[in-house]
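Novice: Next up is a structure, given as structure tokens.
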Protein chains: 2
Amino acid sequence: MKFLKIPAATITRLSLYTRALETLIKEQVTVVSSKRLAELCGVNPAQIRKDLAYFGQFGVRGVGYYVKELLFDIKKILGLHREWKLAIVGVGNLGCALVAHENFTRQGYRFVAAFDADPMKIGRKLVTGLLINPPNEMHNICRDKQVEMGVICTPAEFAQDIANRLVDAGVKAILNFAPTQIQAPDGIKVENVDFSVKLDNLAYYLTTG
Amino acid sequence: MKFLKIPAATITRLSLYTRALETLIKEQVTVVSSKRLAELCGVNPAQIRKDLAYFGQFGVRGVGYYVKELLFDIKKILGLHREWKLAIVGVGNLGCALVAHENFTRQGYRFVAAFDADPMKIGRKLVTGLLINPPNEMHNICRDKQVEMGVICTPAEFAQDIANRLVDAGVKAILNFAPTQIQAPDGIKVENVDFSVKLDNLAYYLTTG
DNA sequence: ATCTTATTGTGATTAGAGGCACATGCGTGC
DNA sequence: GCACGCATGTGCCTCTAATCACAATAAGAT
Ligand SMILES: NC(=O)c1ccc[n+]([C@@H]2O[C@H](COP(=O)([O-])OP(=O)(O)OC[C@H]3O[C@@H](n4cnc5c(N)ncnc54)[C@H](O)[C@@H]3O)[C@@H](O)[C@H]2O)c1
Ligand SMILES: NC(=O)c1ccc[n+]([C@@H]2O[C@H](COP(=O)([O-])OP(=O)(O)OC[C@H]3O[C@@H](n4cnc5c(N)ncnc54)[C@H](O)[C@@H]3O)[C@@H](O)[C@H]2O)c1
């Protein structure tokens with residue numbers, strides 16, 4: 001089961017499992033069955049076992065999974081055992097909320113650079129103390145600070161340009177909040193977070209059922 | 001092709017298509033082929049045709065789709081030909097960004113009520129002029145204003161309780177930004193927006209992929 | 001009026017993900 | 001030390017979604 005292609009949905013679920021496991025740790029639960037974990041995550045127990053099987057054997061037959069160990073193992077699989085350096089581009093309403101969000105820091109995501117085109121904002125500092133830089137310094141600063149992921153929070157029409165610059169600056173993964181499809185070269189991973197698509201789903205559901 | 005069960009992924013793509021079509025309208029393009037539209041949306045052309053086929057025939061063979069008409073038709077399918085009334089619960093960093101976001105309004109999503117537990121916030125008004133109410137008035141106000149969708153922007157530990165109240169207040173669809181799995185009765189649609197899961201995907205990709 | 005060209009709409013095919021069910025194997029109790 | 005119970009790990013099946021490939025068909029050229 002080692003060298004199969006792993007479904008993207010599996011990775012997304014692993015992320016969900018870590019959350020449930022963290023909750024269990026808070027509740028001082030030490031062992032959990034796939035059945036119980038499945039309930040917490042709203043998935044099928046076999047699904048959990050199969051997801052984990054892609055990466056090895058983590059459970060004990062007849063017993064279940066040791067919560068702490070499993071959490072550690074999944075975090076390692078996902079690459080969450082280390083810190084990740086992020087840059088944010090566009091510190092408007094949404095961008096500021098993201099930078100201020102302390103959960104990200106707790107999970108190992110650290111904003112080490114911020115950029116904005118607004119002359120009123122350049123040179124100022126965010127609440128976290130992070131300095132806002134002009135976009136033309138993206139290349140140097142990102143390389144300097146070894147930024148690995150970029151977060152795009154500008155209006156949609158600038159998103160592609162920003163993405164190009166980020167890639168040029170050595171950034172290998174992009175989280176895009178602008179409501180537009182970004183093109184990126186092979187080897188660069190782009191994820192989109194799209195609120196209005198979700199709202200549209202709700203609207204469809206309420207309309208048609 | 002009329003009474004089949006429609007994949008959720010189809011609905012999500014329809015939403016994407018509307019965006020591309022809106023861009024095309026801005027560029028004064030009047031006709032588009034599934035091939036061109038597919039490029040803009042990053043999907044397979046046959047996928048587009050099949051997605052549309054669930055709902056009828058919208059194109060002209062040998063020609064393509066009339067942009068304006070198709071946009072109109074898809075919006076109607078999604079239920080975006082009308083206004084939707086939303087309530088937001090938790091007007092912190094993220095919640096404020098959402099309410100302030102003018103794209104939503106342009107698309108027909110209108111926040112008609114806001115709730116927060118913080119006594120310092122209750123009674124104040126948001127930048128849009130929307131009054132912040134205490135959570136215990138959720139029932140009355142939501143029924144009064146005929147709120148159809150609820151948006152949860154509180155810390156995770158309160159999300160389930162808020163969801164229950166929203167359901168109790170007659171809300172039929174929930175957009176949840178808190179990083180937790182919400183249980184809702186049948187007939188209530190819940191969508192989750194989950195930034196950190198997306199970041200975890202990127203981390204996995206950079207680690208392994 | 002007929003032929004050509006372009007692109008849709010869709011049946012057939014392929015790929016993939018999810019779930020079932022059972023054999024495997026660990027821990028506990030006798 | 002042996003047997004039993006229980007939850008994992010996994011082969012196999014099912015179901016769904018995506019893609020292919022072509023027949024149907026509209027517009028425009030001849
Ligand atoms: N706020 C929301 O709730 C929300 C919801 C869904 C999607 N979005 C999307 O997220 C993005 C940001 O939204 P927002 O509400 O924060 O908008 P905003 O207008 O508050 O902030 C945008 C920021 O980007 C900066 N900017 C503009 N062009 C730039 C450039 N070329 N380089 C660097 N910075 C630039 C602006 O100066 C501003 O600070 C938009 O694409 C929006 O559609 C936002
Ligand atoms: N800010 C982000 O970028 C971000 C990113 C990912 C996820 N989230 C999630 O979104 C949610 C909100 O994030 P935020 O950054 O806006 O947090 P925040 O602390 O800025 O805002 C939370 C708000 O909820 C209110 N609140 C608390 N309990 C409440 C209750 N029982 N009823 C009504 N209101 C209540 C608080 O008074 C506060 O105003 C959190 O669950 C967070 O994990 C936020």
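Each chain in the structure tokens gets a letter, A, B, ..., in the order shown, and its residues are numbered from 1; ligands are numbered from 1 in order too.
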Within 6 Å of chain D, which residues of chain A show up when using only C-alpha atoms (C1' of nucleotides), listed as an MDAnalysis selection string?

Specialist: chainID A and resid 61:64

Novice: Hey, could you make a per-residue contact list for chain B against ligand 2 with 10 Å as the cut-off, showing the nearest pair of atoms and its distance in Å to one decimal, counting only C-alpha atoms and all ligand atoms, sorted by chain and number, as JSON lines?

Specialist:
```
{"residue": "B:Ile88", "atom": "CA", "partner": "ligand 2", "partner_atom_place_in_ligand_line": "33 (C)", "distance": 9.1}
{"residue": "B:Val89", "atom": "CA", "partner": "ligand 2", "partner_atom_place_in_ligand_line": "33 (C)", "distance": 5.4}
{"residue": "B:Gly90", "atom": "CA", "partner": "ligand 2", "partner_atom_place_in_ligand_line": "24 (O)", "distance": 3.6}
{"residue": "B:Val91", "atom": "CA", "partner": "ligand 2", "partner_atom_place_in_ligand_line": "39 (O)", "distance": 4.6}
{"residue": "B:Gly92", "atom": "CA", "partner": "ligand 2", "partner_atom_place_in_ligand_line": "21 (O)", "distance": 3.2}
{"residue": "B:Asn93", "atom": "CA", "partner": "ligand 2", "partner_atom_place_in_ligand_line": "16 (O)", "distance": 3.8}
{"residue": "B:Leu94", "atom": "CA", "partner": "ligand 2", "partner_atom_place_in_ligand_line": "16 (O)", "distance": 3.7}
{"residue": "B:Gly95", "atom": "CA", "partner": "ligand 2", "partner_atom_place_in_ligand_line": "16 (O)", "distance": 5.3}
{"residue": "B:Cys96", "atom": "CA", "partner": "ligand 2", "partner_atom_place_in_ligand_line": "16 (O)", "distance": 7.4}
{"residue": "B:Ala97", "atom": "CA", "partner": "ligand 2", "partner_atom_place_in_ligand_line": "16 (O)", "distance": 8.4}
{"residue": "B:Leu98", "atom": "CA", "partner": "ligand 2", "partner_atom_place_in_ligand_line": "16 (O)", "distance": 9.5}
{"residue": "B:Ala114", "atom": "CA", "partner": "ligand 2", "partner_atom_place_in_ligand_line": "33 (C)", "distance": 9.1}
{"residue": "B:Phe115", "atom": "CA", "partner": "ligand 2", "partner_atom_place_in_ligand_line": "33 (C)", "distance": 5.8}
{"residue": "B:Asp116", "atom": "CA", "partner": "ligand 2", "partner_atom_place_in_ligand_line": "34 (N)", "distance": 3.5}
{"residue": "B:Ala117", "atom": "CA", "partner": "ligand 2", "partner_atom_place_in_ligand_line": "33 (C)", "distance": 4.1}
{"residue": "B:Asp118", "atom": "CA", "partner": "ligand 2", "partner_atom_place_in_ligand_line": "37 (O)", "distance": 4.2}
{"residue": "B:Pro119", "atom": "CA", "partner": "ligand 2", "partner_atom_place_in_ligand_line": "37 (O)", "distance": 8.0}
{"residue": "B:Met120", "atom": "CA", "partner": "ligand 2", "partner_atom_place_in_ligand_line": "37 (O)", "distance": 8.5}
{"residue": "B:Lys121", "atom": "CA", "partner": "ligand 2", "partner_atom_place_in_ligand_line": "37 (O)", "distance": 7.4}
{"residue": "B:Ile122", "atom": "CA", "partner": "ligand 2", "partner_atom_place_in_ligand_line": "37 (O)", "distance": 9.2}
{"residue": "B:Ile132", "atom": "CA", "partner": "ligand 2", "partner_atom_place_in_ligand_line": "34 (N)", "distance": 9.9}
{"residue": "B:Asn133", "atom": "CA", "partner": "ligand 2", "partner_atom_place_in_ligand_line": "33 (C)", "distance": 9.1}
{"residue": "B:Pro134", "atom": "CA", "partner": "ligand 2", "partner_atom_place_in_ligand_line": "33 (C)", "distance": 7.3}
{"residue": "B:Pro135", "atom": "CA", "partner": "ligand 2", "partner_atom_place_in_ligand_line": "32 (N)", "distance": 5.6}
{"residue": "B:Asn136", "atom": "CA", "partner": "ligand 2", "partner_atom_place_in_ligand_line": "32 (N)", "distance": 8.9}
{"residue": "B:Met138", "atom": "CA", "partner": "ligand 2", "partner_atom_place_in_ligand_line": "33 (C)", "distance": 9.8}
{"residue": "B:Ile152", "atom": "CA", "partner": "ligand 2", "partner_atom_place_in_ligand_line": "11 (C)", "distance": 7.3}
{"residue": "B:Cys153", "atom": "CA", "partner": "ligand 2", "partner_atom_place_in_ligand_line": "12 (C)", "distance": 4.2}
{"residue": "B:Thr154", "atom": "CA", "partner": "ligand 2", "partner_atom_place_in_ligand_line": "24 (O)", "distance": 3.8}
{"residue": "B:Pro155", "atom": "CA", "partner": "ligand 2", "partner_atom_place_in_ligand_line": "41 (O)", "distance": 3.5}
{"residue": "B:Ala156", "atom": "CA", "partner": "ligand 2", "partner_atom_place_in_ligand_line": "41 (O)", "distance": 4.5}
{"residue": "B:Glu157", "atom": "CA", "partner": "ligand 2", "partner_atom_place_in_ligand_line": "41 (O)", "distance": 7.9}
{"residue": "B:Phe158", "atom": "CA", "partner": "ligand 2", "partner_atom_place_in_ligand_line": "31 (N)", "distance": 5.1}
{"residue": "B:Ala159", "atom": "CA", "partner": "ligand 2", "partner_atom_place_in_ligand_line": "41 (O)", "distance": 7.5}
{"residue": "B:Gln160", "atom": "CA", "partner": "ligand 2", "partner_atom_place_in_ligand_line": "31 (N)", "distance": 9.6}
{"residue": "B:Asp161", "atom": "CA", "partner": "ligand 2", "partner_atom_place_in_ligand_line": "31 (N)", "distance": 7.6}
{"residue": "B:Ile162", "atom": "CA", "partner": "ligand 2", "partner_atom_place_in_ligand_line": "32 (N)", "distance": 6.6}
{"residue": "B:Asn176", "atom": "CA", "partner": "ligand 2", "partner_atom_place_in_ligand_line": "10 (O)", "distance": 8.2}
{"residue": "B:Phe177", "atom": "CA", "partner": "ligand 2", "partner_atom_place_in_ligand_line": "10 (O)", "distance": 4.8}
{"residue": "B:Ala178", "atom": "CA", "partner": "ligand 2", "partner_atom_place_in_ligand_line": "41 (O)", "distance": 3.4}
{"residue": "B:Pro179", "atom": "CA", "partner": "ligand 2", "partner_atom_place_in_ligand_line": "43 (O)", "distance": 5.5}
{"residue": "B:Thr180", "atom": "CA", "partner": "ligand 2", "partner_atom_place_in_ligand_line": "41 (O)", "distance": 8.0}
{"residue": "B:Val193", "atom": "CA", "partner": "ligand 2", "partner_atom_place_in_ligand_line": "7 (C)", "distance": 8.0}
{"residue": "B:Asp194", "atom": "CA", "partner": "ligand 2", "partner_atom_place_in_ligand_line": "6 (C)", "distance": 6.4}
{"residue": "B:Phe195", "atom": "CA", "partner": "ligand 2", "partner_atom_place_in_ligand_line": "6 (C)", "distance": 5.1}
{"residue": "B:Ser196", "atom": "CA", "partner": "ligand 2", "partner_atom_place_in_ligand_line": "6 (C)", "distance": 6.3}
{"residue": "B:Val197", "atom": "CA", "partner": "ligand 2", "partner_atom_place_in_ligand_line": "6 (C)", "distance": 9.3}
```

Novice: Grab the CA of Val190 (chain A) to CA of Asn201 (chain B) distance for me, in Å with one decimal place.

Specialist: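 Computing it gives 9.7 Å between the two atoms.
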
Novice: Going by DSSP on the backbone, which residues of region 18-199 of chain A come out as strand (DSSP E)? List them as a ChimeraX atom specification.

Specialist: /A:31-32,65-66,84-89,109-115,132-133,149-152,173-176,189-192

Novice: Do me a favour and pick out the residues of chain C within 10 Å of chain A, using only C-alpha atoms (C1' of nucleotides), as a ChimeraX atom specification.

Specialist: /C:16-20,24-27

Novice: Near Thr23 (chain A), counting only C-alpha atoms (C1' of nucleotides), which residues have an atom at most 12 Å away, once you skip same-chain residues fewer than 3 positions from it, shown as a list in words?

Specialist: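 That gives Leu16, Tyr17, Thr18, Arg19, Ala20, Lys26, Glu27, Gln28, Val29, Thr30, Val32, Leu37, Leu40, Cys41, Val67, Lys68 and Leu71 of chain A; Ala156, Glu157, Pro179, Thr180 and Gln181 of chain B.
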
Novice: Any chance you could list, as JSON, numbers by chain, the residues in chain A that come up helix (DSSP H, G or I) when DSSP is run on the backbone?

Specialist: {"A": [8, 9, 10, 11, 12, 13, 14, 15, 16, 17, 18, 19, 20, 21, 22, 23, 24, 25, 26, 34, 35, 36, 37, 38, 39, 40, 41, 45, 46, 47, 48, 49, 50, 51, 52, 53, 67, 68, 69, 70, 71, 72, 73, 74, 75, 76, 77, 78, 93, 94, 95, 96, 97, 98, 99, 100, 102, 103, 104, 105, 106, 135, 136, 137, 138, 139, 140, 141, 142, 143, 144, 145, 156, 157, 158, 159, 160, 161, 162, 163, 164, 165, 166, 167, 168, 195, 196, 197, 198, 199, 200, 201, 202, 203, 204, 205, 206, 207, 208]}

Novice: Could you write out that same residue set with C-alpha atoms as a compact mmCIF listing (two decimals), in the first residue's frame?

Specialist:
```
# COMPACT_ATOMS: atom_id res chain seq x y z
CA ALA A 8 -6.48 14.70 -2.45
CA ALA A 9 -9.59 13.98 -0.42
CA THR A 10 -7.51 11.75 1.84
CA ILE A 11 -5.15 14.61 2.65
CA THR A 12 -8.06 16.88 3.43
CA ARG A 13 -9.51 14.28 5.76
CA LEU A 14 -6.19 13.75 7.52
CA SER A 15 -6.32 17.43 8.35
CA LEU A 16 -9.78 16.91 9.81
CA TYR A 17 -8.57 13.96 11.84
CA THR A 18 -5.85 16.06 13.47
CA ARG A 19 -8.50 18.43 14.75
CA ALA A 20 -10.61 15.69 16.23
CA LEU A 21 -7.53 14.14 17.80
CA GLU A 22 -6.55 17.47 19.35
CA THR A 23 -10.00 17.71 20.87
CA LEU A 24 -9.66 14.18 22.24
CA ILE A 25 -6.31 15.03 23.79
CA LYS A 26 -7.91 17.98 25.56
CA SER A 34 -11.81 4.28 13.96
CA LYS A 35 -15.51 4.03 14.76
CA ARG A 36 -15.41 6.77 17.37
CA LEU A 37 -13.09 8.98 15.36
CA ALA A 38 -15.33 8.52 12.35
CA GLU A 39 -18.31 9.77 14.32
CA LEU A 40 -16.39 12.86 15.38
CA CYS A 41 -15.36 13.63 11.82
CA PRO A 45 -14.80 4.19 9.82
CA ALA A 46 -13.38 2.15 6.94
CA GLN A 47 -12.51 5.41 5.27
CA ILE A 48 -10.29 6.39 8.15
CA ARG A 49 -8.53 3.06 8.21
CA LYS A 50 -8.03 3.19 4.47
CA ASP A 51 -6.73 6.76 4.57
CA LEU A 52 -4.17 5.78 7.16
CA ALA A 53 -3.27 2.61 5.30
CA VAL A 67 -4.44 9.37 20.26
CA LYS A 68 -1.19 11.18 20.94
CA GLU A 69 0.87 8.95 18.70
CA LEU A 70 -1.61 9.05 15.87
CA LEU A 71 -1.79 12.82 16.02
CA PHE A 72 1.98 12.99 15.93
CA ASP A 73 2.13 10.61 12.97
CA ILE A 74 -0.53 12.40 10.94
CA LYS A 75 1.09 15.75 11.61
CA LYS A 76 4.34 14.35 10.36
CA ILE A 77 2.65 13.02 7.23
CA LEU A 78 1.12 16.40 6.54
CA ASN A 93 -10.15 43.57 5.60
CA LEU A 94 -9.59 39.90 4.97
CA GLY A 95 -5.79 40.01 4.93
CA CYS A 96 -5.65 41.67 8.34
CA ALA A 97 -8.03 39.12 9.80
CA LEU A 98 -5.80 36.33 8.55
CA VAL A 99 -2.59 37.79 9.93
CA ALA A 100 -4.25 38.46 13.27
CA GLU A 102 -3.66 33.21 16.24
CA ASN A 103 -4.76 29.67 15.33
CA PHE A 104 -2.46 29.73 12.34
CA THR A 105 0.52 30.57 14.49
CA ARG A 106 -0.40 27.81 16.89
CA PRO A 135 4.90 44.82 -3.94
CA ASN A 136 8.09 45.54 -5.89
CA GLU A 137 10.14 44.32 -2.95
CA MET A 138 8.42 40.96 -3.01
CA HIS A 139 11.23 39.25 -4.82
CA ASN A 140 14.02 40.31 -2.49
CA ILE A 141 12.15 40.06 0.77
CA CYS A 142 10.61 36.67 0.06
CA ARG A 143 13.95 35.20 -0.95
CA ASP A 144 15.59 36.80 2.03
CA LYS A 145 13.08 35.45 4.51
CA ALA A 156 -9.28 39.53 -8.22
CA GLU A 157 -7.86 41.56 -11.08
CA PHE A 158 -4.39 41.66 -9.48
CA ALA A 159 -4.31 38.06 -8.32
CA GLN A 160 -2.63 36.58 -11.37
CA ASP A 161 0.08 39.23 -11.40
CA ILE A 162 0.75 38.72 -7.71
CA ALA A 163 0.90 34.98 -8.23
CA ASN A 164 3.50 35.43 -10.97
CA ARG A 165 5.60 37.60 -8.70
CA LEU A 166 5.34 35.16 -5.83
CA VAL A 167 6.44 32.30 -8.04
CA ASP A 168 9.26 34.47 -9.29
CA PHE A 195 -16.61 31.88 0.04
CA SER A 196 -19.07 32.89 -2.62
CA VAL A 197 -18.97 29.51 -4.30
CA LYS A 198 -20.03 28.06 -0.97
CA LEU A 199 -22.82 30.58 -0.65
CA ASP A 200 -23.94 29.72 -4.17
CA ASN A 201 -24.10 26.08 -3.13
CA LEU A 202 -26.37 27.03 -0.27
CA ALA A 203 -28.52 29.15 -2.57
CA TYR A 204 -28.89 26.25 -4.98
CA TYR A 205 -29.80 23.93 -2.16
CA LEU A 206 -32.45 26.27 -0.82
CA THR A 207 -33.84 26.81 -4.29
CA THR A 208 -33.95 23.26 -5.53
```

Novice: What is the CA of Lys85 (chain B) to CA of Leu126 (chain B) distance in Å?

Specialist: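 Between CA of Lys85 (chain B) and CA of Leu126 (chain B) the gap is 16.9 Å.
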